[in-house]
$ cat work11.cif   # mmCIF, C-alpha atoms and all ligand atoms
data_work
loop_
_atom_site.group_PDB
_atom_site.id
_atom_site.type_symbol
_atom_site.label_atom_id
_atom_site.label_comp_id
_atom_site.auth_asym_id
_atom_site.auth_seq_id
_atom_site.Cartn_x
_atom_site.Cartn_y
_atom_site.Cartn_z
ATOM 1 C CA MET A 1 0.000 0.000 0.000
ATOM 2 C CA LEU A 2 1.231 3.510 -0.755
ATOM 3 C CA ARG A 3 0.658 6.082 1.908
ATOM 4 C CA PHE A 4 1.020 9.762 1.118
ATOM 5 C CA PHE A 5 2.054 12.072 3.891
ATOM 6 C CA PRO A 6 1.115 15.544 2.683
ATOM 7 C CA GLN A 7 3.549 17.209 5.064
ATOM 8 C CA LYS A 8 6.444 15.147 3.779
ATOM 9 C CA ASP A 9 8.081 15.271 0.388
ATOM 10 C CA LYS A 10 7.775 11.681 -0.714
ATOM 11 C CA TYR A 11 5.775 8.520 -0.657
ATOM 12 C CA ILE A 12 6.696 5.957 1.924
ATOM 13 C CA LYS A 13 5.899 2.491 0.781
ATOM 14 C CA GLU A 14 5.054 0.276 3.704
ATOM 15 C CA ALA A 15 3.570 -3.158 3.599
ATOM 16 C CA ALA A 16 0.284 -2.659 5.425
ATOM 17 C CA GLU A 17 -0.289 -6.409 5.460
ATOM 18 C CA HIS A 18 -0.150 -6.338 9.217
ATOM 19 C CA PRO A 19 -2.852 -4.052 10.564
ATOM 20 C CA PHE A 20 -2.530 -3.188 14.210
ATOM 21 C CA ASP A 21 -5.136 -4.943 16.344
ATOM 22 C CA ALA A 22 -5.979 -3.020 19.515
ATOM 23 C CA ALA A 23 -7.457 -6.198 21.025
ATOM 24 C CA LEU A 24 -4.135 -8.089 20.831
ATOM 25 C CA PRO A 25 -1.236 -7.536 23.250
ATOM 26 C CA VAL A 26 1.372 -4.918 22.348
ATOM 27 C CA PRO A 27 5.061 -5.686 22.923
ATOM 28 C CA LYS A 28 5.978 -5.018 26.540
ATOM 29 C CA HIS A 29 9.405 -3.672 25.573
ATOM 30 C CA ILE A 30 10.092 -1.982 22.222
ATOM 31 C CA ALA A 31 13.618 -0.905 21.269
ATOM 32 C CA ILE A 32 14.259 1.418 18.327
ATOM 33 C CA ILE A 33 17.369 2.152 16.283
ATOM 34 C CA MET A 34 16.485 5.657 15.132
ATOM 35 C CA ASP A 35 18.311 5.920 11.816
ATOM 36 C CA GLY A 36 18.109 8.243 8.818
ATOM 37 C CA ASN A 37 18.181 11.725 10.327
ATOM 38 C CA GLY A 38 21.134 12.749 8.156
ATOM 39 C CA ARG A 39 19.514 11.497 4.938
ATOM 40 C CA TRP A 40 16.244 13.184 5.836
ATOM 41 C CA ALA A 41 18.103 16.510 6.101
ATOM 42 C CA GLN A 42 20.231 15.938 3.008
ATOM 43 C CA ASN A 43 17.077 15.177 0.962
ATOM 44 C CA ARG A 44 15.946 18.685 1.879
ATOM 45 C CA ARG A 45 19.374 20.272 1.333
ATOM 46 C CA LEU A 46 19.512 21.058 5.031
ATOM 47 C CA PRO A 47 22.470 20.544 7.385
ATOM 48 C CA ARG A 48 22.508 17.083 9.006
ATOM 49 C CA VAL A 49 21.698 18.549 12.403
ATOM 50 C CA ALA A 50 18.295 19.686 11.071
ATOM 51 C CA GLY A 51 17.522 15.974 10.743
ATOM 52 C CA HIS A 52 18.463 15.376 14.367
ATOM 53 C CA LYS A 53 16.230 18.274 15.456
ATOM 54 C CA GLU A 54 13.290 16.831 13.540
ATOM 55 C CA GLY A 55 14.237 13.397 14.902
ATOM 56 C CA MET A 56 13.793 14.792 18.404
ATOM 57 C CA GLU A 57 10.228 15.790 17.511
ATOM 58 C CA THR A 58 9.614 12.213 16.355
ATOM 59 C CA VAL A 59 10.906 10.961 19.707
ATOM 60 C CA LYS A 60 8.222 13.045 21.425
ATOM 61 C CA LYS A 61 5.404 11.711 19.201
ATOM 62 C CA ILE A 62 6.514 8.090 19.465
ATOM 63 C CA THR A 63 7.015 8.284 23.235
ATOM 64 C CA THR A 64 3.500 9.607 23.782
ATOM 65 C CA HIS A 65 1.955 7.087 21.412
ATOM 66 C CA ALA A 66 3.839 4.087 22.803
ATOM 67 C CA SER A 67 2.853 5.092 26.322
ATOM 68 C CA ARG A 68 -0.811 5.377 25.342
ATOM 69 C CA LEU A 69 -0.712 1.980 23.622
ATOM 70 C CA GLY A 70 0.391 0.407 26.905
ATOM 71 C CA VAL A 71 4.051 -0.329 26.111
ATOM 72 C CA ASN A 72 5.982 -0.859 29.378
ATOM 73 C CA VAL A 73 9.484 0.029 28.185
ATOM 74 C CA LEU A 74 10.619 2.059 25.175
ATOM 75 C CA THR A 75 14.379 1.949 24.610
ATOM 76 C CA LEU A 76 15.747 4.465 22.102
ATOM 77 C CA TYR A 77 19.269 4.285 20.675
ATOM 78 C CA ALA A 78 20.160 7.975 20.773
ATOM 79 C CA PHE A 79 23.985 7.942 20.711
ATOM 80 C CA SER A 80 26.352 5.024 20.318
ATOM 81 C CA THR A 81 29.892 4.645 21.644
ATOM 82 C CA GLU A 82 30.913 4.835 17.961
ATOM 83 C CA ASN A 83 29.098 8.130 17.273
ATOM 84 C CA TRP A 84 32.013 10.135 18.754
ATOM 85 C CA LYS A 85 33.712 9.626 15.367
ATOM 86 C CA ARG A 86 31.315 12.152 13.795
ATOM 87 C CA PRO A 87 32.409 15.776 13.179
ATOM 88 C CA ASN A 88 32.689 17.803 16.412
ATOM 89 C CA GLU A 89 29.894 20.115 15.390
ATOM 90 C CA GLU A 90 27.458 17.221 14.976
ATOM 91 C CA VAL A 91 28.558 15.561 18.236
ATOM 92 C CA ASP A 92 28.088 18.868 20.074
ATOM 93 C CA TYR A 93 24.599 19.166 18.619
ATOM 94 C CA LEU A 94 23.706 15.597 19.615
ATOM 95 C CA MET A 95 24.947 16.284 23.155
ATOM 96 C CA GLN A 96 22.732 19.372 23.364
ATOM 97 C CA LEU A 97 19.626 17.475 22.156
ATOM 98 C CA PRO A 98 18.841 15.750 25.472
ATOM 99 C CA VAL A 99 19.007 19.192 27.145
ATOM 100 C CA ASP A 100 16.496 20.644 24.643
ATOM 101 C CA PHE A 101 14.371 17.506 24.728
ATOM 102 C CA PHE A 102 13.984 17.392 28.492
ATOM 103 C CA ASP A 103 13.665 21.192 28.774
ATOM 104 C CA THR A 104 10.609 21.116 26.529
ATOM 105 C CA PHE A 105 9.170 17.668 27.169
ATOM 106 C CA VAL A 106 9.407 16.824 30.876
ATOM 107 C CA PRO A 107 5.968 18.354 31.657
ATOM 108 C CA GLU A 108 4.426 16.074 29.010
ATOM 109 C CA LEU A 109 6.350 13.069 30.401
ATOM 110 C CA ILE A 110 4.972 13.832 33.846
ATOM 111 C CA LYS A 111 1.447 14.191 32.423
ATOM 112 C CA GLU A 112 1.849 10.819 30.666
ATOM 113 C CA ASN A 113 3.260 9.196 33.833
ATOM 114 C CA VAL A 114 6.454 8.262 31.916
ATOM 115 C CA LYS A 115 9.625 7.554 33.873
ATOM 116 C CA VAL A 116 12.978 8.479 32.316
ATOM 117 C CA HIS A 117 16.007 6.223 32.495
ATOM 118 C CA VAL A 118 19.330 6.516 30.691
ATOM 119 C CA MET A 119 21.672 3.615 30.051
ATOM 120 C CA GLY A 120 25.185 3.973 28.703
ATOM 121 C CA PHE A 121 28.593 5.244 29.702
ATOM 122 C CA THR A 122 27.081 8.494 30.930
ATOM 123 C CA GLU A 123 30.163 9.531 32.903
ATOM 124 C CA SER A 124 31.862 10.409 29.554
ATOM 125 C CA LEU A 125 29.041 12.725 28.448
ATOM 126 C CA PRO A 126 29.543 16.501 28.687
ATOM 127 C CA VAL A 127 28.541 17.936 32.051
ATOM 128 C CA HIS A 128 25.497 19.799 30.668
ATOM 129 C CA THR A 129 24.157 16.582 29.106
ATOM 130 C CA GLN A 130 24.699 14.632 32.328
ATOM 131 C CA GLU A 131 22.921 17.341 34.271
ATOM 132 C CA ALA A 132 19.902 17.354 31.919
ATOM 133 C CA VAL A 133 19.653 13.589 32.194
ATOM 134 C CA ARG A 134 19.977 13.634 35.987
ATOM 135 C CA ASN A 135 17.265 16.285 36.311
ATOM 136 C CA ALA A 136 14.872 14.419 34.030
ATOM 137 C CA ILE A 137 15.389 11.191 35.980
ATOM 138 C CA GLU A 138 14.812 13.055 39.243
ATOM 139 C CA GLN A 139 11.706 14.869 37.962
ATOM 140 C CA THR A 140 10.071 11.685 36.689
ATOM 141 C CA LYS A 141 11.223 9.213 39.344
ATOM 142 C CA GLY A 142 7.774 9.017 40.941
ATOM 143 C CA ASN A 143 6.081 8.081 37.662
ATOM 144 C CA THR A 144 4.760 4.553 37.423
ATOM 145 C CA GLY A 145 3.897 4.215 33.729
ATOM 146 C CA MET A 146 6.127 3.511 30.719
ATOM 147 C CA VAL A 147 9.896 3.621 31.167
ATOM 148 C CA LEU A 148 11.523 5.805 28.505
ATOM 149 C CA ASN A 149 15.001 4.368 28.374
ATOM 150 C CA PHE A 150 17.554 6.334 26.338
ATOM 151 C CA ALA A 151 20.681 4.498 25.229
ATOM 152 C CA LEU A 152 23.199 7.335 25.350
ATOM 153 C CA ASN A 153 26.875 6.664 24.742
ATOM 154 C CA TYR A 154 25.852 3.031 24.654
ATOM 155 C CA GLY A 155 27.555 0.078 22.950
ATOM 156 C CA SER A 156 26.575 -3.508 23.513
ATOM 157 C CA ARG A 157 30.018 -5.126 23.452
ATOM 158 C CA ALA A 158 31.356 -2.597 25.949
ATOM 159 C CA GLU A 159 28.241 -3.199 28.042
ATOM 160 C CA MET A 160 28.827 -6.971 28.062
ATOM 161 C CA LEU A 161 32.515 -6.525 28.864
ATOM 162 C CA GLN A 162 31.661 -4.257 31.785
ATOM 163 C CA ALA A 163 29.032 -6.724 33.024
ATOM 164 C CA VAL A 164 31.469 -9.637 32.969
ATOM 165 C CA GLN A 165 34.230 -7.582 34.630
ATOM 166 C CA SER A 166 31.973 -6.419 37.462
ATOM 167 C CA LEU A 167 30.557 -9.906 37.897
ATOM 168 C CA TYR A 168 34.050 -11.379 38.016
ATOM 169 C CA LYS A 169 35.099 -8.869 40.681
ATOM 170 C CA GLU A 170 32.052 -9.696 42.765
ATOM 171 C CA ILE A 171 32.277 -13.462 42.651
ATOM 172 C CA SER A 172 36.045 -13.993 42.681
ATOM 173 C CA VAL A 173 36.181 -12.653 46.241
ATOM 174 C CA GLU A 174 33.464 -15.083 47.304
ATOM 175 C CA SER A 175 34.659 -18.319 45.781
ATOM 176 C CA GLU A 176 37.661 -19.931 44.102
ATOM 177 C CA GLN A 177 35.542 -21.636 41.458
ATOM 178 C CA PRO A 178 32.818 -19.141 40.861
ATOM 179 C CA GLU A 179 29.740 -20.166 38.938
ATOM 180 C CA ILE A 180 28.323 -17.710 36.437
ATOM 181 C CA THR A 181 24.713 -18.036 35.327
ATOM 182 C CA GLU A 182 22.719 -16.331 32.559
ATOM 183 C CA GLU A 183 20.606 -14.607 35.186
ATOM 184 C CA MET A 184 23.756 -13.120 36.776
ATOM 185 C CA ILE A 185 24.921 -11.722 33.431
ATOM 186 C CA ASP A 186 21.419 -10.426 32.765
ATOM 187 C CA GLN A 187 21.385 -8.566 36.069
ATOM 188 C CA HIS A 188 24.767 -6.941 35.424
ATOM 189 C CA LEU A 189 23.855 -5.600 31.976
ATOM 190 C CA MET A 190 22.585 -2.044 31.660
ATOM 191 C CA THR A 191 19.015 -3.351 31.350
ATOM 192 C CA GLY A 192 19.440 -5.014 34.767
ATOM 193 C CA PHE A 193 17.533 -2.165 36.427
ATOM 194 C CA LEU A 194 14.323 -3.461 34.794
ATOM 195 C CA PRO A 195 12.247 -6.341 36.177
ATOM 196 C CA ALA A 196 13.509 -9.608 34.635
ATOM 197 C CA ASP A 197 10.492 -10.049 32.337
ATOM 198 C CA LEU A 198 10.974 -6.585 30.819
ATOM 199 C CA ARG A 199 14.727 -6.593 30.178
ATOM 200 C CA ASP A 200 14.648 -8.079 26.688
ATOM 201 C CA PRO A 201 12.852 -6.129 23.963
ATOM 202 C CA GLU A 202 10.103 -8.158 22.333
ATOM 203 C CA LEU A 203 10.282 -5.956 19.246
ATOM 204 C CA VAL A 204 13.267 -4.110 17.726
ATOM 205 C CA ILE A 205 12.549 -1.531 15.051
ATOM 206 C CA ARG A 206 15.165 0.035 12.790
ATOM 207 C CA THR A 207 14.247 2.881 10.478
ATOM 208 C CA SER A 208 15.859 4.073 7.227
ATOM 209 C CA GLY A 209 16.096 0.763 5.362
ATOM 210 C CA GLU A 210 19.372 -0.389 6.951
ATOM 211 C CA GLU A 211 19.068 -3.963 8.163
ATOM 212 C CA ARG A 212 21.668 -4.410 10.859
ATOM 213 C CA ILE A 213 21.894 -4.217 14.646
ATOM 214 C CA SER A 214 24.910 -1.886 15.055
ATOM 215 C CA ASN A 215 26.075 -3.016 18.494
ATOM 216 C CA PHE A 216 22.643 -2.568 20.109
ATOM 217 C CA LEU A 217 21.430 -4.873 22.927
ATOM 218 C CA LEU A 218 23.213 -7.927 21.487
ATOM 219 C CA TRP A 219 22.497 -10.114 24.520
ATOM 220 C CA GLN A 220 18.959 -8.877 25.067
ATOM 221 C CA ILE A 221 17.707 -9.387 21.477
ATOM 222 C CA ALA A 222 18.347 -13.148 21.377
ATOM 223 C CA TYR A 223 14.630 -13.827 20.756
ATOM 224 C CA SER A 224 13.394 -10.373 19.729
ATOM 225 C CA GLU A 225 11.251 -9.881 16.662
ATOM 226 C CA LEU A 226 12.992 -7.532 14.210
ATOM 227 C CA PHE A 227 11.169 -4.980 12.091
ATOM 228 C CA PHE A 228 12.886 -2.907 9.429
ATOM 229 C CA THR A 229 11.173 0.020 7.744
ATOM 230 C CA LYS A 230 12.379 2.255 4.911
ATOM 231 C CA ALA A 231 10.953 5.328 6.636
ATOM 232 C CA LEU A 232 13.656 7.738 7.788
ATOM 233 C CA TRP A 233 13.422 8.427 11.526
ATOM 234 C CA PRO A 234 12.046 12.009 11.184
ATOM 235 C CA ASP A 235 9.273 10.540 8.967
ATOM 236 C CA PHE A 236 8.450 7.734 11.403
ATOM 237 C CA ASP A 237 5.129 8.360 13.090
ATOM 238 C CA PRO A 238 2.404 6.729 15.215
ATOM 239 C CA VAL A 239 0.849 5.040 12.144
ATOM 240 C CA LEU A 240 4.159 3.403 11.271
ATOM 241 C CA LEU A 241 4.662 2.388 14.911
ATOM 242 C CA GLU A 242 1.302 0.643 14.766
ATOM 243 C CA ASP A 243 2.378 -1.055 11.506
ATOM 244 C CA ALA A 244 5.439 -2.413 13.283
ATOM 245 C CA ILE A 245 3.352 -3.600 16.216
ATOM 246 C CA GLY A 246 0.812 -5.104 13.783
ATOM 247 C CA SER A 247 3.640 -7.103 12.222
ATOM 248 C CA PHE A 248 4.749 -8.255 15.683
ATOM 249 C CA GLN A 249 1.194 -9.317 16.539
ATOM 250 C CA GLN A 250 1.115 -11.617 13.503
ATOM 251 C CA ARG A 251 4.344 -13.400 14.298
ATOM 252 C CA ASN A 252 4.547 -16.819 15.737
ATOM 253 C CA ARG A 253 7.033 -16.616 18.597
ATOM 254 C CA ARG A 254 8.404 -20.030 19.505
ATOM 255 C CA PHE A 255 11.615 -19.241 21.462
ATOM 256 C CA GLY A 256 13.234 -22.329 19.951
ATOM 257 C CA GLY A 257 10.307 -24.601 20.815
ATOM 258 C CA LEU A 258 7.298 -25.640 18.767
ATOM 259 C CA LYS A 259 4.110 -23.692 18.239
ATOM 260 C CA PRO A 260 1.206 -25.199 20.263
ATOM 261 C CA LYS A 261 -0.368 -26.917 17.184
ATOM 262 C CA GLU A 262 2.865 -28.757 16.322
ATOM 263 C CA GLU A 263 3.163 -29.911 19.931
ATOM 264 C CA GLU A 264 -0.219 -31.644 19.689
ATOM 265 C CA GLU A 265 0.794 -33.552 16.541
HETATM 266 C C1 LIG B 1 21.062 8.203 13.246
HETATM 267 O O1 LIG B 1 20.838 8.915 12.068
HETATM 268 C C2 LIG B 1 20.671 9.015 14.381
HETATM 269 C C3 LIG B 1 21.491 9.389 15.394
HETATM 270 C C4 LIG B 1 22.914 9.009 15.486
HETATM 271 C C5 LIG B 1 21.007 10.254 16.476
HETATM 272 C C6 LIG B 1 19.671 9.907 17.020
HETATM 273 C C7 LIG B 1 19.146 11.078 17.709
HETATM 274 C C8 LIG B 1 17.863 11.490 17.620
HETATM 275 C C9 LIG B 1 16.821 10.753 16.900
HETATM 276 C C10 LIG B 1 17.450 12.722 18.299
HETATM 277 C C11 LIG B 1 16.720 12.514 19.585
HETATM 278 C C12 LIG B 1 17.587 12.397 20.745
HETATM 279 C C13 LIG B 1 17.207 12.695 21.999
HETATM 280 C C14 LIG B 1 18.126 12.433 23.113
HETATM 281 C C15 LIG B 1 15.902 13.279 22.303
HETATM 282 P P1 LIG B 1 22.048 9.269 11.137
HETATM 283 O O2 LIG B 1 22.570 10.610 11.519
HETATM 284 O O3 LIG B 1 23.079 8.178 11.187
HETATM 285 O O4 LIG B 1 21.354 9.320 9.736
HETATM 286 P P2 LIG B 1 21.999 8.909 8.337
HETATM 287 O O5 LIG B 1 22.291 7.423 8.417
HETATM 288 O O6 LIG B 1 20.903 9.220 7.368
HETATM 289 O O7 LIG B 1 23.216 9.741 8.145
#
$ encode --input "work11.cif" --output "structure tokens" --more "lines below"
Ligand code: FPP
Amino acid sequence: MLRFFPQKDKYIKEAAEHPFDAALPVPKHIAIIMDGNGRWAQNRRLPRVAGHKEGMETVKKITTHASRLGVNVLTLYAFSTENWKRPNEEVDYLMQLPVDFFDTFVPELIKENVKVHVMGFTESLPVHTQEAVRNAIEQTKGNTGMVLNFALNYGSRAEMLQAVQSLYKEISVESEQPEITEEMIDQHLMTGFLPADLRDPELVIRTSGEERISNFLLWQIAYSELFFTKALWPDFDPVLLEDAIGSFQQRNRRFGGLKPKEEEE
């Protein structure tokens, strides 16, 4: 099906073979690789940072919509440990975005009962970014609805390395032949702050047509459903989020086992 977005400058072709069904469960944890801001800007002959600014507006719309749909955790990949390689000007802009985002959006987050969390190597972020993040966490800490979890200066391999190192430190003092379990690794990852049944995303979405994971939640996505859309992140919207969830609702999740019908046979 072709959908025309009058406010945007092109058609986005999306397979609408998976209509969202409000009566079916939505994924408890959705993680999104927000890609395509630069291309969105370049298509309009704008500087790349204009794409990031528009991308921030998309974050607001998707956060509100996901919260209203009943999603428990929304994890957004906002800045990777590899993104420091970008030109200084762009990195500076990306480090200012959380400040602008929380400055303008915390009242709405409070209204929506959304709780902010940030996972990543936050100690290496500029002081003003750290402060914005800290304030937003503090201002929303009493909220009991959806967790809005920003991955900021996040990289999955570094996360796993840190988890194993901290685990090793903990257990090597207790025992000479320490036993390591999956649950222990799970708890030491940056998603360990979540209840165990919410740590792994059920659905991972990547925008912009790229079909790769880019060092995002490598442990946690072992059984996640993946959804790739050609829409550039600034063009992503609540309708496309529902498309992605519709696709998830049609999938047959077996976690390595058999679907119930096959079990009977
Ligand atoms: C990838 O697009 C996007 C990023 C590296 C930044 C993501 C940031 C936002 C969506 C802004 C919102 C952030 C907060 C904290 C509210 P790209 O630049 O790699 O795009 P390209 O592949 O088209 O060049």
$ resolve_selection --input "work11.cif" --expression "the PyMOL selection byres (((chain A and resi 22) around 12) and not hetatm)" --output "PyMOL selection string"
chain A and resi 19-21+23-27+68-70+242-243+245-246+249
$ residues_around --input "work11.cif" --residues "segment 125-128 of chain A" --least-positions-apart "6" --cutoff "10 Å" --atoms "all atoms listed in the file" --output "VMD selection string"
chain A and resid 92 95 to 96 98 to 99 134 152 to 153
$ write_last_selection --input "work11.cif" --atoms "C-alpha atoms" --output "compact mmCIF listing (two decimals), in the coordinates of the input"
# COMPACT_ATOMS: atom_id res chain seq x y z
CA ASP A 92 28.09 18.87 20.07
CA MET A 95 24.95 16.28 23.16
CA GLN A 96 22.73 19.37 23.36
CA PRO A 98 18.84 15.75 25.47
CA VAL A 99 19.01 19.19 27.14
CA ARG A 134 19.98 13.63 35.99
CA LEU A 152 23.20 7.34 25.35
CA ASN A 153 26.88 6.66 24.74
$ residues_around --input "work11.cif" --residues "Lys115 of chain A" --least-positions-apart "3" --cutoff "10 Å" --atoms "only C-alpha atoms" --output "list in words"
Val73, Val106, Leu109, Ile110, Glu112, Ala136, Ile137, Glu138, Gln139, Thr140, Lys141, Gly142, Asn143, Thr144, Gly145, Met146, Val147, Leu148 and Asn149 of chain A
$ resolve_selection --input "work11.cif" --expression "the PyMOL selection byres (((chain A and resi 201-210) around 9) and not hetatm)" --output "PyMOL selection string"
chain A and resi 27-37+39+73-75+198-200+211-213+217+220-221+223-233+236+241+244-245+248
$ atom_distance --input "work11.cif" --atom1 "atom CA of Ile171 of chain A" --atom2 "atom CA of Thr122 of chain A"
25.4 Å
$ axis_aligned_box --input "work11.cif" --around "ligand LIG 1 (chain B)" --padding-each-side "3 Å" --output "lines of an AutoDock Vina configuration file"
center_x = 19.6
center_y = 10.4
center_z = 15.2
size_x = 13.3
size_y = 11.9
size_z = 21.7
$ atom_distance --input "work11.cif" --atom1 "atom CA of Gln187 of chain A" --atom2 "atom CA of Val164 of chain A"
10.6 Å
$ closest_residue --input "work11.cif" --among "A:Gly38, A:Gly155, A:Gly256, A:Pro195" --to "Ser214 of chain A" --atoms "only C-alpha atoms"
A:Gly155
$ residues_around --input "work11.cif" --residues "Ser166 of chain A" --least-positions-apart "2" --cutoff "12 Å" --atoms "only C-alpha atoms" --output "ChimeraX atom specification"
/A:159-164,168-173,180,184-185,187-190
